[in-house]
$ cat input.pdb   # PDB, C-alpha atoms
ATOM      1  CA  MET A 821     -16.539 -18.989   9.480  1.00  0.00           C
ATOM      2  CA  PRO A 822     -13.416 -17.256  10.757  1.00  0.00           C
ATOM      3  CA  ALA A 823     -13.182 -13.506  11.218  1.00  0.00           C
ATOM      4  CA  LEU A 824     -10.583 -12.338   8.692  1.00  0.00           C
ATOM      5  CA  VAL A 825      -8.356  -9.266   8.884  1.00  0.00           C
ATOM      6  CA  CYS A 826      -6.055  -8.677   5.936  1.00  0.00           C
ATOM      7  CA  SER A 827      -3.197  -6.184   5.700  1.00  0.00           C
ATOM      8  CA  ALA A 828      -2.582  -6.820   1.968  1.00  0.00           C
ATOM      9  CA  LYS A 829      -3.782  -3.343   0.995  1.00  0.00           C
ATOM     10  CA  ASN A 830      -2.614  -3.827  -2.607  1.00  0.00           C
ATOM     11  CA  CYS A 831      -5.146  -6.625  -3.127  1.00  0.00           C
ATOM     12  CA  ARG A 832      -8.165  -5.687  -5.224  1.00  0.00           C
ATOM     13  CA  TYR A 833     -10.400  -7.520  -2.728  1.00  0.00           C
ATOM     14  CA  ASN A 834      -9.155  -5.577   0.316  1.00  0.00           C
ATOM     15  CA  ASP A 835     -11.522  -2.913   1.591  1.00  0.00           C
ATOM     16  CA  SER A 836     -10.442  -1.353   4.897  1.00  0.00           C
ATOM     17  CA  MET A 837      -8.675  -4.554   6.040  1.00  0.00           C
ATOM     18  CA  TYR A 838     -11.679  -6.761   5.195  1.00  0.00           C
ATOM     19  CA  CYS A 839     -12.184  -8.992   2.166  1.00  0.00           C
ATOM     20  CA  CYS A 840     -14.951  -8.409  -0.351  1.00  0.00           C
ATOM     21  CA  LYS A 841     -14.263 -11.553  -2.408  1.00  0.00           C
ATOM     22  CA  GLY A 842     -16.576 -13.823  -0.405  1.00  0.00           C
ATOM     23  CA  ASP A 843     -14.040 -16.582   0.214  1.00  0.00           C
ATOM     24  CA  ILE A 844     -10.293 -17.089   0.011  1.00  0.00           C
ATOM     25  CA  ASN A 845      -7.841 -19.924  -0.541  1.00  0.00           C
ATOM     26  CA  VAL A 846      -4.753 -20.243   1.636  1.00  0.00           C
ATOM     27  CA  GLY A 847      -1.907 -22.141  -0.002  1.00  0.00           C
ATOM     28  CA  GLY A 848       0.956 -23.981   1.622  1.00  0.00           C
ATOM     29  CA  ALA A 849       0.423 -27.730   1.417  1.00  0.00           C
ATOM     30  CA  GLN A 850       3.926 -28.355   2.801  1.00  0.00           C
ATOM     31  CA  ALA A 851       3.855 -25.438   5.289  1.00  0.00           C
ATOM     32  CA  VAL A 852       5.523 -25.906   8.659  1.00  0.00           C
ATOM     33  CA  VAL A 853       5.660 -22.167   9.535  1.00  0.00           C
ATOM     34  CA  CYS A 854       3.405 -19.258   8.549  1.00  0.00           C
ATOM     35  CA  GLN A 855       5.988 -17.954   6.056  1.00  0.00           C
ATOM     36  CA  ASP A 856       5.332 -21.117   4.006  1.00  0.00           C
ATOM     37  CA  THR A 857       1.699 -20.096   3.479  1.00  0.00           C
ATOM     38  CA  CYS A 858       0.102 -17.504   1.196  1.00  0.00           C
ATOM     39  CA  CYS A 859      -3.279 -16.125   0.218  1.00  0.00           C
ATOM     40  CA  GLU A 860      -3.754 -17.654  -3.220  1.00  0.00           C
ATOM     41  CA  SER A 861      -6.768 -15.382  -3.740  1.00  0.00           C
ATOM     42  CA  PHE A 862      -4.561 -12.260  -3.702  1.00  0.00           C
ATOM     43  CA  TYR A 863      -5.015 -10.233  -6.893  1.00  0.00           C
ATOM     44  CA  GLU A 864      -2.987  -7.054  -7.244  1.00  0.00           C
ATOM     45  CA  ARG A 865      -4.953  -3.814  -7.408  1.00  0.00           C
ATOM     46  CA  THR A 866      -3.733  -1.737 -10.372  1.00  0.00           C
ATOM     47  CA  GLY A 867      -4.482   1.533 -12.171  1.00  0.00           C
ATOM     48  CA  ASP A 868      -7.895   3.012 -11.378  1.00  0.00           C
ATOM     49  CA  GLU A 869      -8.494   0.244  -8.813  1.00  0.00           C
ATOM     50  CA  MET A 870      -5.886   1.943  -6.598  1.00  0.00           C
ATOM     51  CA  LYS A 871      -8.315   4.808  -5.944  1.00  0.00           C
ATOM     52  CA  ASP A 872     -11.450   2.758  -5.415  1.00  0.00           C
ATOM     53  CA  SER A 873     -12.499  -0.102  -3.201  1.00  0.00           C
ATOM     54  CA  CYS A 874     -12.759  -3.443  -4.950  1.00  0.00           C
ATOM     55  CA  GLY A 875     -16.332  -2.964  -6.174  1.00  0.00           C
ATOM     56  CA  CYS A 876     -16.712  -6.731  -6.302  1.00  0.00           C
ATOM     57  CA  GLY A 877     -18.921  -7.130  -3.288  1.00  0.00           C
ATOM     58  CA  ARG A 878     -19.414  -6.011   0.262  1.00  0.00           C
ATOM     59  CA  PRO A 879     -16.432  -6.377   2.593  1.00  0.00           C
ATOM     60  CA  GLU A 880     -17.162  -9.054   5.171  1.00  0.00           C
ATOM     61  CA  ARG A 881     -15.658  -9.595   8.588  1.00  0.00           C
ATOM     62  CA  LYS A 882     -16.340 -13.354   8.515  1.00  0.00           C
ATOM     63  CA  ILE A 883     -15.402 -15.320   5.431  1.00  0.00           C
ATOM     64  CA  ASP A 884     -15.054 -18.910   4.187  1.00  0.00           C
ATOM     65  CA  ILE A 885     -11.405 -19.965   4.050  1.00  0.00           C
ATOM     66  CA  ARG A 886     -10.230 -23.031   2.147  1.00  0.00           C
ATOM     67  CA  CYS A 887      -6.761 -24.055   3.298  1.00  0.00           C
ATOM     68  CA  GLU A 888      -4.090 -26.368   1.886  1.00  0.00           C
ATOM     69  CA  ALA A 889      -1.879 -26.080   4.997  1.00  0.00           C
ATOM     70  CA  THR A 890      -2.793 -29.487   6.373  1.00  0.00           C
ATOM     71  CA  LYS A 891      -0.179 -29.252   9.149  1.00  0.00           C
ATOM     72  CA  CYS A 892      -2.027 -26.297  10.721  1.00  0.00           C
ATOM     73  CA  GLU A 893      -4.013 -27.072  13.858  1.00  0.00           C
ATOM     74  CA  TYR A 894      -6.965 -25.070  12.487  1.00  0.00           C
ATOM     75  CA  ASN A 895      -7.216 -27.067   9.256  1.00  0.00           C
ATOM     76  CA  ASN A 896     -10.133 -29.495   9.195  1.00  0.00           C
ATOM     77  CA  ASN A 897     -10.454 -31.264   5.842  1.00  0.00           C
ATOM     78  CA  CYS A 898      -8.964 -28.245   4.029  1.00  0.00           C
ATOM     79  CA  VAL A 899     -11.317 -25.781   5.731  1.00  0.00           C
ATOM     80  CA  CYS A 900     -10.031 -23.260   8.268  1.00  0.00           C
ATOM     81  CA  ARG A 901     -11.711 -23.584  11.680  1.00  0.00           C
ATOM     82  CA  ALA A 902      -9.863 -20.765  13.501  1.00  0.00           C
ATOM     83  CA  ASP A 903     -11.999 -18.121  15.195  1.00  0.00           C
ATOM     84  CA  HIS A 904      -9.832 -15.332  13.786  1.00  0.00           C
ATOM     85  CA  VAL A 905      -7.396 -15.260  10.836  1.00  0.00           C
ATOM     86  CA  ASP A 906      -4.813 -12.617   9.962  1.00  0.00           C
ATOM     87  CA  ILE A 907      -3.381 -12.400   6.461  1.00  0.00           C
ATOM     88  CA  ALA A 908      -0.193 -10.332   6.254  1.00  0.00           C
ATOM     89  CA  GLY A 909       1.257  -8.629   3.207  1.00  0.00           C
ATOM     90  CA  VAL A 910       1.273  -4.840   3.626  1.00  0.00           C
ATOM     91  CA  SER A 911       3.318  -4.192   0.487  1.00  0.00           C
ATOM     92  CA  ALA A 912       2.549  -7.439  -1.368  1.00  0.00           C
ATOM     93  CA  CYS A 913       2.325  -7.354  -5.157  1.00  0.00           C
ATOM     94  CA  ARG A 914       1.998 -11.138  -5.593  1.00  0.00           C
ATOM     95  CA  CYS A 915       0.273 -13.865  -3.606  1.00  0.00           C
ATOM     96  CA  ASP A 916       3.607 -15.372  -2.548  1.00  0.00           C
ATOM     97  CA  GLU A 917       4.334 -12.113  -0.703  1.00  0.00           C
ATOM     98  CA  THR A 918       1.383 -12.739   1.637  1.00  0.00           C
ATOM     99  CA  GLU A 919       1.094 -15.189   4.518  1.00  0.00           C
ATOM    100  CA  CYS A 920      -1.403 -16.539   7.004  1.00  0.00           C
ATOM    101  CA  VAL A 921       0.051 -15.435  10.320  1.00  0.00           C
ATOM    102  CA  THR A 922      -2.595 -17.454  12.157  1.00  0.00           C
ATOM    103  CA  PHE A 923      -0.949 -20.689  10.953  1.00  0.00           C
ATOM    104  CA  ASN A 924      -0.045 -22.858  13.940  1.00  0.00           C
ATOM    105  CA  GLY A 925       1.791 -26.079  13.104  1.00  0.00           C
ATOM    106  CA  ARG A 926       0.880 -29.283  14.835  1.00  0.00           C
TER     107      ARG A 926
END
$ encode --input "input.pdb" --output "structure tokens"
Amino acid sequence: MPALVCSAKNCRYNDSMYCCKGDINVGGAQAVVCQDTCCESFYERTGDEMKDSCGCGRPERKIDIRCEATKCEYNNNCVCRADHVDIAGVSACRCDETECVTFNGR
């Protein structure tokens, strides 16, 4: 499992730059650069959730990552095999405003 750091602080699953969802899905089946990818598991934090952590589980440093970006060197049968993954999206409000900056085209 890759170590995941996520800057999408508006995501309900983000707790201090770690994900408490348990697993994520990275989209971008046709991706050739990281901007063509996104975290499809992003879910905008709203209302009372803005004050609290996600409450959906414990934030984990290592997480299962399913990935559609088949042109990424770390993709092995739609599973990410990178040692470390960064998801960007500091002010994201939708999943298409996030990206996997670890993407490395082959």
$ residues_near_point --input "input.pdb" --point "(-3.1, -10.9, -5.8)" --cutoff "10 Å" --atoms "only C-alpha atoms" --output "short mmCIF file (atom, residue, chain, number, x, y, z; two decimals) with C-alpha atoms, in the frame of the given file"
data_model
loop_
_atom_site.label_atom_id
_atom_site.label_comp_id
_atom_site.auth_asym_id
_atom_site.auth_seq_id
_atom_site.Cartn_x
_atom_site.Cartn_y
_atom_site.Cartn_z
CA ALA A 828 -2.58 -6.82 1.97
CA ASN A 830 -2.61 -3.83 -2.61
CA CYS A 831 -5.15 -6.62 -3.13
CA ARG A 832 -8.16 -5.69 -5.22
CA TYR A 833 -10.40 -7.52 -2.73
CA CYS A 859 -3.28 -16.12 0.22
CA GLU A 860 -3.75 -17.65 -3.22
CA SER A 861 -6.77 -15.38 -3.74
CA PHE A 862 -4.56 -12.26 -3.70
CA TYR A 863 -5.01 -10.23 -6.89
CA GLU A 864 -2.99 -7.05 -7.24
CA ARG A 865 -4.95 -3.81 -7.41
CA ALA A 912 2.55 -7.44 -1.37
CA CYS A 913 2.33 -7.35 -5.16
CA ARG A 914 2.00 -11.14 -5.59
CA CYS A 915 0.27 -13.86 -3.61
CA ASP A 916 3.61 -15.37 -2.55
CA GLU A 917 4.33 -12.11 -0.70
CA THR A 918 1.38 -12.74 1.64
#
$ closest_residue --input "input.pdb" --among "A:Asp835, A:Glu888, A:Lys882, A:Gly847" --to "A:Ala902" --atoms "only C-alpha atoms"
A:Lys882
$ closest_residue --input "input.pdb" --among "A:Val853, A:Ile883, A:Val899, A:Cys892" --to "A:Tyr838" --atoms "all atoms listed in the file"
A:Ile883
$ resolve_selection --input "input.pdb" --expression "the PyMOL selection byres ((chain A and resi 852) around 9)" --output "compact mmCIF listing (two decimals) with C-alpha atoms, in the frame of the given file"
# COMPACT_ATOMS: atom_id res chain seq x y z
CA GLY A 848 0.96 -23.98 1.62
CA GLN A 850 3.93 -28.36 2.80
CA ALA A 851 3.86 -25.44 5.29
CA VAL A 853 5.66 -22.17 9.54
CA CYS A 854 3.40 -19.26 8.55
CA GLN A 855 5.99 -17.95 6.06
CA ASP A 856 5.33 -21.12 4.01
CA THR A 857 1.70 -20.10 3.48
CA ALA A 889 -1.88 -26.08 5.00
CA LYS A 891 -0.18 -29.25 9.15
CA CYS A 892 -2.03 -26.30 10.72
CA PHE A 923 -0.95 -20.69 10.95
CA ASN A 924 -0.04 -22.86 13.94
CA GLY A 925 1.79 -26.08 13.10
CA ARG A 926 0.88 -29.28 14.84
$ residues_around --input "input.pdb" --residues "A:Leu824" --least-positions-apart "5" --cutoff "12 Å" --atoms "all atoms listed in the file" --output "ChimeraX atom specification"
/A:834-844,859,879-885,900-908,920-922
$ atom_distance --input "input.pdb" --atom1 "atom CA of A:Cys898" --atom2 "atom CA of A:Pro822"
13.6 Å
$ atom_distance --input "input.pdb" --atom1 "atom CA of A:Asn845" --atom2 "atom CA of A:Cys887"
5.7 Å
$ atom_distance --input "input.pdb" --atom1 "atom CA of A:Val846" --atom2 "atom CA of A:Gly909"
13.2 Å
